[in-house]
Amino acid sequence: MQKTLISFILAALFTMVLTCQASWAAKAYITDPQDVPLRAAPGKQKKILVNIPSGAGVEILKGEEWTLVRYTQASGTPLNGWVPTAALGARPPEAQLTKELEEENTLLKERVASLEREKTELAQKQNDVATKLSKVEHAYDSLKTGSTDYLKLKEQYDSAKSNLESAQEEFQTLKQENDSLKLSQRIKWFAAGGMVLLAGWFIGWITGRQGKKRRSNYFF
């Protein structure tokens, strides 16, 4: 029973690995710095259906020197055609990845700066409320013995105290959001760097295997 269960688990894992590999192999990106024509048939003289922008993702259908791909246009309509295999890669160009990361980092910096400004304004508001509360408390202590303005002053005191508590809660919430955003920014940069390094290593490994395969075919 135990051996059967182990065999079943190993078979399932093997199937998952093959599925992941197949899914990865079916996806590619335009790595040329310029737009690449999608042609109706293999060959540089064949009709151009559309130009695929650099970095765009496509689905590989088949091919050797020329590859049949499925490109989904901006409108959402898929279009099949042929592109030179040399124009395809397993991941987008590094320049595009870097640009996207820089744009995202710029947005994050702008958001952090906005949160910092809001935090500063909220801190000033908290100080103003605290100062007002201190003045009200002093006046309250002076008049609570029987002043005709006692009830009015007590209402001002309660309102100022409530405003201070609300400002303090809002300040803490904003501070936590700011800290979380800074941590998220560091994690994204670290993860992006790791993905780029891993992708480079994996492509190098694939290239090495293809090179060995070509040499083996040459000798045979």
# chains A, B, ... in the order shown; residues from 1 in each chain; ligands from 1

call {"tool": "residues_around", "arguments": {"residues": "A:Ala130", "least_positions_apart": "4", "cutoff": "7 Å", "atoms": "only C-alpha atoms", "output": "MDAnalysis selection string"}}
result
chainID A and resid 126 134 164

call {"tool": "select_by_dssp", "arguments": {"residues": "stretch 28-167 of chain A", "states": "strand (DSSP E)", "output": "MDAnalysis selection string"}}
result
chainID A and resid 28:30 36:39 48:52 57:63 66:72 78:84 88:89

call {"tool": "closest_atom_pairs", "arguments": {"of": "stretch 48-118 of chain A", "to": "stretch 172-175 of chain A", "cutoff": "10 Å", "atoms": "only C-alpha atoms", "output": "JSON lines"}}
result
{"residue": "A:Leu115", "atom": "CA", "partner": "A:Leu174", "partner_atom": "CA", "distance": 7.3}
{"residue": "A:Glu116", "atom": "CA", "partner": "A:Lys175", "partner_atom": "CA", "distance": 8.7}
{"residue": "A:Glu118", "atom": "CA", "partner": "A:Leu174", "partner_atom": "CA", "distance": 8.1}

call {"tool": "write_last_selection", "arguments": {"atoms": "N, CA and C atoms", "output": "short mmCIF file (atom, residue, chain, number, x, y, z; two decimals), in the first residue's frame"}}
result
data_model
loop_
_atom_site.label_atom_id
_atom_site.label_comp_id
_atom_site.auth_asym_id
_atom_site.auth_seq_id
_atom_site.Cartn_x
_atom_site.Cartn_y
_atom_site.Cartn_z
N LEU A 115 3.19 59.83 0.79
CA LEU A 115 2.88 59.38 2.15
C LEU A 115 3.69 60.15 3.19
N GLU A 116 4.93 60.46 2.83
CA GLU A 116 5.77 61.23 3.76
C GLU A 116 5.17 62.63 3.99
N GLU A 118 2.01 63.45 3.61
CA GLU A 118 0.78 63.29 4.38
C GLU A 118 1.10 63.05 5.86
#

call {"tool": "residues_around", "arguments": {"residues": "stretch 119-122 of chain A", "least_positions_apart": "2", "cutoff": "12 Å", "atoms": "only C-alpha atoms", "output": "list in words"}}
result
Val112, Ala113, Ser114, Leu115, Glu116, Arg117, Gln124, Lys125, Gln126, Asn127, Asp128, Val129, Asn163, Leu164, Ser166, Ala167, Gln168, Glu169, Glu170, Phe171, Gln172, Thr173, Leu174, Lys175, Gln176, Glu177, Asn178 and Asp179 of chain A
